[in-house]
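Undergrad: Structure supplied as data_19.cif; contents: mmCIF, C-alpha atoms.
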```cif
data_final
loop_
_atom_site.label_atom_id
_atom_site.label_comp_id
_atom_site.auth_asym_id
_atom_site.auth_seq_id
_atom_site.Cartn_x
_atom_site.Cartn_y
_atom_site.Cartn_z
CA PHE H 174 -48.95 72.66 39.30
CA PHE H 175 -51.09 71.27 36.51
CA SER H 176 -50.90 74.55 34.64
CA VAL H 177 -47.10 74.48 34.73
CA ASN H 178 -46.93 70.87 33.44
CA LEU H 179 -49.41 71.63 30.65
CA ALA H 180 -47.31 74.58 29.60
CA LEU H 181 -44.18 72.43 29.52
CA MET H 182 -45.90 69.74 27.42
CA GLN H 183 -47.11 72.33 24.93
CA ASP H 184 -43.62 73.79 24.72
CA THR H 185 -42.06 70.35 24.08
CA SER H 186 -44.63 69.56 21.38
CA ASN H 187 -43.93 72.83 19.65
CA THR H 188 -40.18 72.15 19.76
CA SER H 189 -40.69 68.68 18.16
CA MET H 190 -42.81 70.16 15.39
CA ASP H 191 -40.17 72.80 14.76
CA MET H 192 -37.47 70.11 14.39
CA HIS H 193 -39.49 68.18 11.81
CA SER H 194 -40.18 71.30 9.82
CA ASN H 195 -36.52 72.35 10.01
CA PRO H 196 -34.80 71.63 6.63
CA ILE H 197 -31.46 70.90 8.31
CA TYR H 198 -33.05 68.25 10.49
CA GLY H 199 -34.81 66.76 7.47
CA GLU H 200 -31.53 66.57 5.59
CA LEU H 201 -29.92 64.79 8.54
CA LEU H 202 -32.74 62.26 8.52
CA ARG H 203 -32.29 61.63 4.80
CA GLN H 204 -28.54 61.18 5.17
CA GLN H 205 -29.02 58.77 8.03
CA SER H 206 -31.53 56.78 5.97
CA THR H 207 -29.08 56.59 3.05
CA THR H 208 -26.23 55.55 5.34
CA ILE H 209 -28.34 52.81 6.92
CA ARG H 210 -29.37 51.55 3.46
CA ASP H 211 -25.74 51.52 2.29
CA THR H 212 -24.70 49.70 5.46
CA ARG H 213 -27.36 47.05 4.97
CA GLU H 214 -26.37 46.50 1.34
CA HIS H 215 -22.69 46.27 2.30
CA ILE H 216 -23.43 43.71 4.99
CA GLU H 217 -25.49 41.65 2.55
CA ARG H 218 -22.57 41.70 0.07
CA MET H 219 -20.17 40.66 2.83
CA LEU H 220 -22.45 37.78 3.77
CA GLY H 221 -22.55 36.64 0.15
CA GLU H 222 -18.75 36.67 -0.04
CA LEU H 223 -18.48 34.83 3.28
CA GLU H 224 -20.89 32.15 2.06
CA GLU H 225 -18.71 31.63 -1.02
CA LYS H 226 -15.59 31.37 1.13
CA LYS H 227 -17.34 28.91 3.43
CA GLU H 228 -18.19 26.77 0.40
CA LEU H 229 -14.54 26.90 -0.71
CA CYS H 230 -13.37 25.95 2.80
CA THR H 231 -15.76 23.00 2.75
CA ALA H 232 -14.42 21.87 -0.62
CA LYS H 233 -10.82 22.08 0.58
CA ARG H 234 -11.63 20.22 3.79
CA ILE H 235 -13.22 17.39 1.78
CA THR H 236 -10.16 17.33 -0.47
CA LEU H 237 -7.85 17.06 2.54
CA ASN H 238 -9.94 14.18 3.89
CA THR H 239 -9.74 12.49 0.48
CA PHE H 240 -5.97 12.93 0.42
CA LYS H 241 -5.76 11.42 3.90
CA LYS H 242 -7.87 8.43 2.86
CA ASP H 243 -5.84 7.87 -0.32
CA ILE H 244 -2.55 8.20 1.54
CA THR H 245 -3.63 5.75 4.23
CA GLU H 246 -5.02 3.16 1.80
CA SER H 247 -2.17 3.56 -0.68
CA PHE H 248 0.61 3.18 1.85
CA THR H 249 -1.25 0.31 3.58
CA ASP H 250 -1.49 -1.49 0.25
CA CYS H 251 2.17 -0.81 -0.40
CA ARG H 252 3.09 -2.23 3.01
CA SER H 253 1.29 -5.46 2.10
CA HIS H 254 3.28 -5.81 -1.13
CA VAL H 255 6.52 -5.05 0.61
CA LYS H 256 5.87 -7.66 3.31
CA LYS H 257 4.91 -10.33 0.78
CA SER H 258 7.99 -9.77 -1.37
CA VAL H 259 10.52 -9.41 1.39
CA THR H 260 9.23 -12.27 3.55
CA SER H 261 9.85 -14.68 0.64
CA MET H 262 13.55 -13.84 0.85
CA ILE H 263 13.68 -15.08 4.47
CA ASN H 264 16.33 -13.92 6.90
CA TYR H 265 18.80 -12.72 4.31
CA LEU H 266 16.57 -9.72 3.49
CA LYS H 267 15.12 -9.15 6.96
CA GLN H 268 17.09 -5.99 7.56
CA GLN H 269 16.04 -4.56 4.17
CA GLN H 270 12.41 -5.25 5.01
CA ASP H 271 12.67 -3.34 8.28
CA ASP H 272 14.32 -0.40 6.54
CA MET H 273 11.65 -0.26 3.83
CA LEU H 274 8.77 -0.43 6.29
CA ARG H 275 10.30 2.26 8.46
CA GLU H 276 10.74 4.48 5.42
CA LEU H 277 7.11 3.91 4.44
CA ASP H 278 5.85 4.69 7.94
CA GLU H 279 7.92 7.86 8.17
CA THR H 280 6.85 9.03 4.73
CA ALA H 281 3.18 8.30 5.36
CA GLN H 282 3.34 10.01 8.77
CA HIS H 283 5.02 13.03 7.19
CA ASN H 284 2.14 13.32 4.72
CA ILE H 285 -0.49 12.86 7.43
CA ASP H 286 1.21 15.54 9.59
CA MET H 287 1.12 17.94 6.64
CA LEU H 288 -2.58 17.26 6.20
CA GLN H 289 -3.33 17.80 9.88
CA GLN H 290 -1.48 21.14 9.90
CA GLN H 291 -3.41 22.33 6.86
CA ALA H 292 -6.67 21.02 8.31
CA VAL H 293 -6.13 23.17 11.41
CA GLN H 294 -5.63 26.26 9.23
CA VAL H 295 -8.76 25.53 7.18
CA ASP H 296 -10.79 24.85 10.33
CA ARG H 297 -9.66 28.17 11.84
CA ALA H 298 -10.68 30.04 8.71
CA MET H 299 -14.00 28.19 8.70
CA ALA H 300 -14.63 29.15 12.36
CA ARG H 301 -13.94 32.84 11.65
CA ILE H 302 -16.19 32.77 8.60
CA GLU H 303 -19.03 31.10 10.48
CA GLN H 304 -18.64 33.60 13.34
CA GLN H 305 -18.87 36.55 10.96
CA ILE H 306 -21.85 35.00 9.17
CA GLU H 307 -23.67 34.58 12.47
CA GLU H 308 -22.81 38.14 13.56
CA GLY H 309 -23.98 39.52 10.22
CA ARG H 310 -27.27 37.62 10.32
CA SER H 311 -27.87 38.75 13.91
CA LEU H 312 -27.12 42.32 12.88
CA LEU H 313 -29.67 42.19 10.07
CA ARG H 314 -32.30 41.17 12.63
CA GLU H 315 -31.53 44.18 14.84
CA GLN H 316 -34.61 46.41 15.21
CA ASP H 317 -32.96 49.30 17.00
CA THR H 318 -31.77 51.77 14.36
CA PHE H 319 -29.01 53.27 16.48
CA LEU H 320 -27.61 49.87 17.48
CA PHE H 321 -27.83 48.64 13.90
CA PHE H 322 -25.97 51.67 12.60
CA SER H 323 -23.24 51.56 15.23
CA LYS H 324 -22.71 47.79 15.08
CA GLY H 325 -23.03 47.76 11.29
CA SER H 326 -20.31 50.39 10.95
CA LEU H 327 -17.97 48.20 13.00
CA TYR H 328 -18.97 45.09 11.05
CA LYS H 329 -18.05 46.77 7.77
CA GLN H 330 -14.52 47.32 9.08
CA LEU H 331 -13.92 43.64 9.82
CA PRO H 332 -10.84 42.33 7.93
CA SER H 333 -11.45 39.92 5.07
CA VAL H 334 -11.01 36.26 5.96
CA GLN H 335 -8.43 34.57 3.72
CA VAL H 336 -9.08 30.94 2.80
CA PRO H 337 -5.77 29.05 3.17
CA THR H 338 -4.09 27.65 0.06
CA LEU H 339 -3.53 23.90 0.17
CA ASN H 340 0.04 22.63 -0.05
CA THR H 341 0.10 19.12 -1.48
CA GLU H 342 3.80 18.62 -1.96
CA PHE H 343 3.55 15.18 -0.45
CA LYS H 344 6.34 12.66 -0.37
CA ASP H 345 5.40 9.72 -2.57
CA THR H 346 8.59 7.69 -2.56
CA PHE H 347 7.94 3.94 -2.36
CA PRO H 348 10.69 1.34 -1.96
CA ASP H 349 12.19 0.08 -5.21
CA LEU H 350 12.37 -3.70 -4.95
CA THR H 351 14.63 -3.87 -8.00
CA THR H 352 17.48 -2.86 -5.69
CA LEU H 353 17.24 -6.18 -3.83
CA SER H 354 20.06 -8.56 -4.59
CA ILE H 355 18.06 -11.80 -4.66
CA GLN H 356 16.37 -13.09 -7.83
CA PRO H 357 13.81 -13.52 -9.33
CA TYR H 358 13.25 -10.03 -10.63
CA GLN H 359 11.19 -7.92 -8.22
CA VAL H 360 8.51 -5.48 -9.33
CA PRO H 361 9.09 -1.81 -8.46
CA LEU H 362 6.27 -0.44 -6.33
CA GLN H 363 6.65 3.16 -7.46
CA HIS H 364 3.95 3.91 -10.08
CA ALA H 365 3.91 0.29 -11.27
CA VAL H 366 1.14 -2.30 -11.71
CA GLN H 367 1.88 -5.98 -12.34
CA VAL H 368 -0.82 -7.95 -14.19
CA ASP H 369 -1.07 -11.65 -14.99
CA MET H 370 -2.08 -11.01 -18.58
CA ALA H 371 -2.52 -14.68 -19.50
CA GLU H 372 -4.95 -15.21 -16.61
CA PHE H 373 -6.84 -12.00 -17.43
CA LEU H 374 -7.34 -12.85 -21.11
CA GLN H 375 -8.45 -16.41 -20.34
CA SER H 376 -10.67 -15.64 -17.32
CA GLY H 377 -13.74 -14.67 -19.31
CA VAL H 378 -13.83 -11.33 -17.44
CA HIS H 379 -13.41 -8.43 -19.85
CA THR H 380 -12.78 -5.62 -17.34
CA ARG H 381 -10.34 -5.36 -14.45
CA ILE H 382 -9.28 -2.49 -12.19
CA CYS H 383 -5.91 -2.96 -10.50
CA GLY H 384 -2.92 -1.23 -9.02
CA ASN H 385 -1.92 1.21 -6.32
CA ILE H 386 -0.44 4.32 -7.93
CA PHE H 387 0.08 7.16 -5.47
CA HIS H 388 1.25 10.56 -6.68
CA ASN H 389 1.05 14.03 -5.14
CA GLY H 390 -1.78 13.12 -2.77
CA PHE H 391 -3.93 11.28 -5.33
CA ARG H 392 -4.40 7.52 -5.72
CA PHE H 393 -4.71 6.19 -9.27
CA GLN H 394 -5.47 2.75 -10.69
CA ILE H 395 -5.29 1.11 -14.10
CA GLN H 396 -8.52 -0.08 -15.70
CA LEU H 397 -8.04 -2.78 -18.33
CA LYS H 398 -10.58 -3.97 -20.87
CA HIS H 399 -10.32 -6.26 -23.85
CA ASP H 400 -12.38 -7.48 -26.75
CA GLU H 401 -11.41 -10.06 -29.36
CA ARG H 402 -8.71 -7.85 -30.90
CA TYR H 403 -7.47 -5.09 -28.62
CA LEU H 404 -6.45 -4.35 -25.06
CA SER H 405 -7.85 -1.05 -23.68
CA ALA H 406 -6.07 0.79 -20.87
CA TYR H 407 -7.22 3.76 -18.79
CA LEU H 408 -5.78 5.75 -15.91
CA CYS H 409 -8.49 6.14 -13.24
CA LEU H 410 -8.61 8.49 -10.26
CA ARG H 411 -9.89 6.28 -7.44
CA ALA H 412 -11.60 8.88 -5.22
CA TRP H 413 -12.73 11.11 -8.08
CA HIS H 414 -16.45 10.90 -7.31
CA ASP H 415 -15.78 12.25 -3.79
CA VAL H 416 -14.31 15.51 -5.14
CA ALA H 417 -15.71 15.79 -8.68
CA ALA H 418 -18.24 18.47 -7.70
CA PHE H 419 -15.61 21.08 -6.87
CA LEU H 420 -12.19 19.87 -8.07
CA ARG H 421 -10.52 19.66 -11.48
CA VAL H 422 -7.33 17.59 -11.88
CA THR H 423 -5.10 17.82 -14.96
CA VAL H 424 -2.62 14.99 -15.57
CA ASN H 425 0.08 14.67 -18.18
CA PHE H 426 1.24 11.05 -18.01
CA THR H 427 3.01 8.31 -19.94
CA LEU H 428 1.72 4.75 -19.74
CA THR H 429 4.30 2.08 -20.57
CA LEU H 430 3.71 -1.68 -20.90
CA GLN H 431 6.65 -4.05 -20.40
CA ASP H 432 7.09 -7.81 -20.52
CA GLY H 433 10.11 -8.20 -18.28
CA PRO H 434 12.81 -5.97 -19.81
CA GLU H 435 11.04 -5.88 -23.21
CA LEU H 436 9.10 -2.73 -24.03
CA LEU H 437 5.75 -3.63 -25.62
CA HIS H 438 4.16 -0.19 -25.95
CA SER H 439 4.24 3.36 -24.57
CA ALA H 440 1.83 6.29 -24.98
CA THR H 441 1.57 9.81 -23.59
CA ALA H 442 -1.47 12.01 -23.04
CA LYS H 443 -2.66 15.08 -21.16
CA ASN H 444 -6.14 14.93 -19.68
CA THR H 445 -8.37 16.82 -17.30
CA PHE H 446 -10.52 14.97 -14.81
CA GLU H 447 -13.76 16.93 -14.47
CA GLY H 448 -17.43 16.10 -14.42
CA PRO H 449 -18.51 12.46 -14.07
CA ASN H 450 -15.55 10.86 -15.86
CA ASP H 451 -13.08 9.21 -13.49
CA GLY H 452 -10.75 7.76 -16.12
CA TRP H 453 -8.96 8.50 -19.39
CA GLY H 454 -7.05 6.29 -21.76
CA TRP H 455 -7.00 4.34 -25.01
CA ASN H 456 -9.65 2.05 -26.48
CA LYS H 457 -6.99 0.34 -28.61
CA PHE H 458 -3.89 0.50 -26.48
CA LEU H 459 -2.30 -2.66 -27.88
CA SER H 460 -3.24 -5.50 -30.18
CA LEU H 461 -3.89 -8.78 -28.35
CA SER H 462 -1.71 -10.54 -30.91
CA LYS H 463 1.31 -8.98 -29.16
CA LEU H 464 0.22 -10.38 -25.78
CA ARG H 465 -0.42 -14.04 -26.64
CA ASP H 466 2.95 -15.23 -25.33
CA CYS H 467 3.00 -12.94 -22.28
CA THR H 468 2.32 -14.07 -18.72
CA GLU H 469 2.92 -11.35 -16.14
CA VAL H 470 3.39 -7.88 -17.62
CA LEU H 471 4.18 -4.56 -15.98
CA PHE H 472 2.36 -1.25 -16.49
CA LEU H 473 4.46 1.78 -15.56
CA VAL H 474 2.94 5.23 -15.10
CA ASN H 475 5.20 8.27 -15.36
CA PHE H 476 3.60 11.54 -14.27
CA ASN H 477 5.04 14.34 -16.39
CA GLU H 478 2.76 16.89 -14.73
CA LEU H 479 -0.12 16.89 -12.23
CA THR H 480 -2.02 20.02 -11.26
CA TYR H 481 -5.38 20.65 -9.68
CA SER H 482 -7.64 23.62 -8.96
CA PHE H 483 -10.92 24.31 -7.20
CA VAL H 484 -13.91 25.38 -9.29
CA GLN H 485 -14.65 28.14 -6.78
CA GLU H 486 -11.19 29.65 -7.34
CA ASP H 487 -10.77 29.13 -11.08
CA HIS H 488 -13.80 28.96 -13.38
CA SER H 489 -11.80 28.28 -16.54
CA ARG H 490 -12.47 25.06 -18.45
CA TYR H 491 -10.38 22.81 -20.66
CA SER H 492 -11.85 22.12 -24.08
CA ALA H 493 -11.34 18.99 -26.15
CA ALA H 494 -8.83 20.90 -28.28
CA ASP H 495 -6.63 21.45 -25.21
CA MET H 496 -6.09 17.69 -24.73
CA ASP H 497 -2.86 16.37 -26.21
CA THR H 498 -1.89 12.83 -27.16
CA SER H 499 1.02 11.29 -28.99
CA VAL H 500 -0.72 8.13 -30.23
CA ASP H 501 -3.08 7.30 -33.06
CA GLN H 502 -5.24 4.74 -31.29
CA GLY H 503 -8.70 5.44 -29.88
CA TYR H 504 -7.88 7.84 -27.08
CA THR H 505 -10.93 8.50 -24.96
CA LYS H 506 -12.47 8.83 -21.51
CA VAL H 507 -13.98 6.01 -19.47
#
```
Could you show the structure in this file as structure tokens?

TA:
Amino acid sequence: FFSVNLALMQDTSNTSMDMHSNPIYGELLRQQSTTIRDTREHIERMLGELEEKKELCTAKRITLNTFKKDITESFTDCRSHVKKSVTSMINYLKQQQDDMLRELDETAQHNIDMLQQQAVQVDRAMARIEQQIEEGRSLLREQDTFLFFSKGSLYKQLPSVQVPTLNTEFKDTFPDLTTLSIQPYQVPLQHAVQVDMAEFLQSGVHTRICGNIFHNGFRFQIQLKHDERYLSAYLCLRAWHDVAAFLRVTVNFTLTLQDGPELLHSATAKNTFEGPNDGWGWNKFLSLSKLRDCTEVLFLVNFNELTYSFVQEDHSRYSAADMDTSVDQGYTKV
């Protein structure tokens, strides 16, 4: 019995040695080693791409949250102005007030619903990316060569996860109080900021941020400054510091200053919000000598164009030469 077993063991050992010395077997081992190395490198590249897509998903999710915050605050502020203006007209304008508020609520809800739908799509993409990242990391920790090769081959065939594109075609229609039939003249809420200029110039405060300008998902404000000779005016992106790390916003806008029906000044510029600067405008927008007899003035912002892109998707940069302006005064960033 022991003699037979010993003979079998010797025969098995000889067979193993023959396989190692066989050039065909050696070639198979080398091919397998190369295939495993290629599989590992491919998985590592896939993980790198997935990490980048996860970062882009995170940036878009933050942007959606910022849009939601701006929409909520902007429309809430607008509701307050509508209530204050319409209530002063008592019962005669009660029906108009109800219509305006209903329109605001429906428009705001429409925008919020759009955000929620896009948030679901981004969250689904994020979940798939995180699942593939976890599977890839687990696969790289696999010690069994056969399991690693078989699972790795399947992992390489996984379809690429597409990060959803954001659709920010929001409705930004505010009620126009100029359509009301009762005087005095009512200020339009759409892209307009009313300022008591006499109070501002006499208050001793040289800087003021005011307004509720909502456009295409973003909330803007007007920053005013003055010295002894000039009024400075800048268009500021309110939530810019929340998205500045990964978003670039380009705005072509016209800023108009009116005293009642009288046009005091108008200027146009194209600017890109990027980096730490949350505002762009003019150091010398208008001479104070033209404002001495003014009380309440109206700043109107007309958006000729507004586009935005994510740094992860588009690494191009605007240079100073790309920025256009139609005025001679000190045009600069805040």

Undergrad: Go through stretch 348-417 of chain H residue by residue and, counting all atoms listed in the file, keep those with an atom at most 10 Å from stretch 478-487 of chain H; for each kept residue give the shortest atom pair and its distance in Å to one decimal, ordered by chain and increasing number, as CSV.

TA:
```
residue,atom,partner,partner_atom,distance
H:His388,CA,H:Leu479,CA,8.5
H:Asn389,CA,H:Leu479,CA,7.7
H:Phe391,CA,H:Leu479,CA,9.7
H:Val416,CA,H:Phe483,CA,9.7
H:Ala417,CA,H:Val484,CA,9.8
```

Undergrad: What does the PyMOL selection byres ((chain H and resi 271-284) around 7) select in this file, as a list in words?

TA: Ile244, Phe248, Arg252, Lys267, Gln268, Gln269, Gln270, Ile285, Asp286, Met287, Leu288, Phe343, Lys344, Phe347 and Pro348 of chain H

Undergrad: If you measure from atom CA of H:Asp345 to atom CA of H:Ser247, what distance in Å do you get, rounded to one decimal?

TA: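 One can read the atom CA of H:Asp345 to atom CA of H:Ser247 distance as 9.9 Å.
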
Undergrad: Can you pull out every residue within 8 Å of H:Ile306, counting all atoms listed in the file, but drop anything in the same chain fewer than 5 positions away, and send it as a ChimeraX atom specification?

TA: /H:220,223-224

Undergrad: Determine the residue membership of the PyMOL selection byres ((chain H and resi 235-241) around 9) for the file above and supply it as number ranges by chain.

TA: H: 230-234, 242-246, 284-285, 288-289, 291-292, 339, 341, 390-392, 412, 415-416, 420

Undergrad: Quick one: residues within 12 Å of stretch 432-437 of chain H, all atoms listed in the file counted, chain neighbours fewer than 6 positions away excluded, as a PyMOL selection string?

TA: chain H and resi 357-361+366-371+458-473

Undergrad: From the options H:Thr249, H:Glu200, H:Leu320, H:Met219, which residue's atoms come nearest to H:Glu307, counting only C-alpha atoms?

TA: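 Selected residue with least distance to H:Glu307: H:Met219.
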
Undergrad: Could you give me, as a list of chain:residue names, the residues within 8 Å of H:Phe446, counting all atoms listed in the file and dropping anything in the same chain fewer than 2 positions from it?

TA: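 In the requested format, the answer is H:Arg421, H:Val422, H:Thr423, H:Val424, H:Asn444, H:Gly448, H:Asn450, H:Asp451, H:Gly452.
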
Undergrad: For atom CA of H:Ser311 and atom CA of H:Tyr328, determine how far apart the two atoms are, in Å to one decimal place.

TA: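 Those two atoms sit 11.3 Å apart.
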
Undergrad: Of the candidates H:Phe319, H:Trp413, H:Phe419, H:Trp455, which shows the shortest atom-to-atom distance to H:Gln396, using all atoms listed in the file?

TA: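 Looking only at the distances to H:Gln396, the closest residue turns out to be H:Trp455.
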
Undergrad: Return the single residue from H:Glu447, H:Leu313, H:Glu303, H:Leu374 that is closest to H:Glu401, with distances computed using all atoms listed in the file.

TA: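 Nearest to H:Glu401: H:Leu374.
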
Undergrad: Atom CA of H:His414 and atom CA of H:Lys227, how far apart in Å?

TA: 21.0 Å
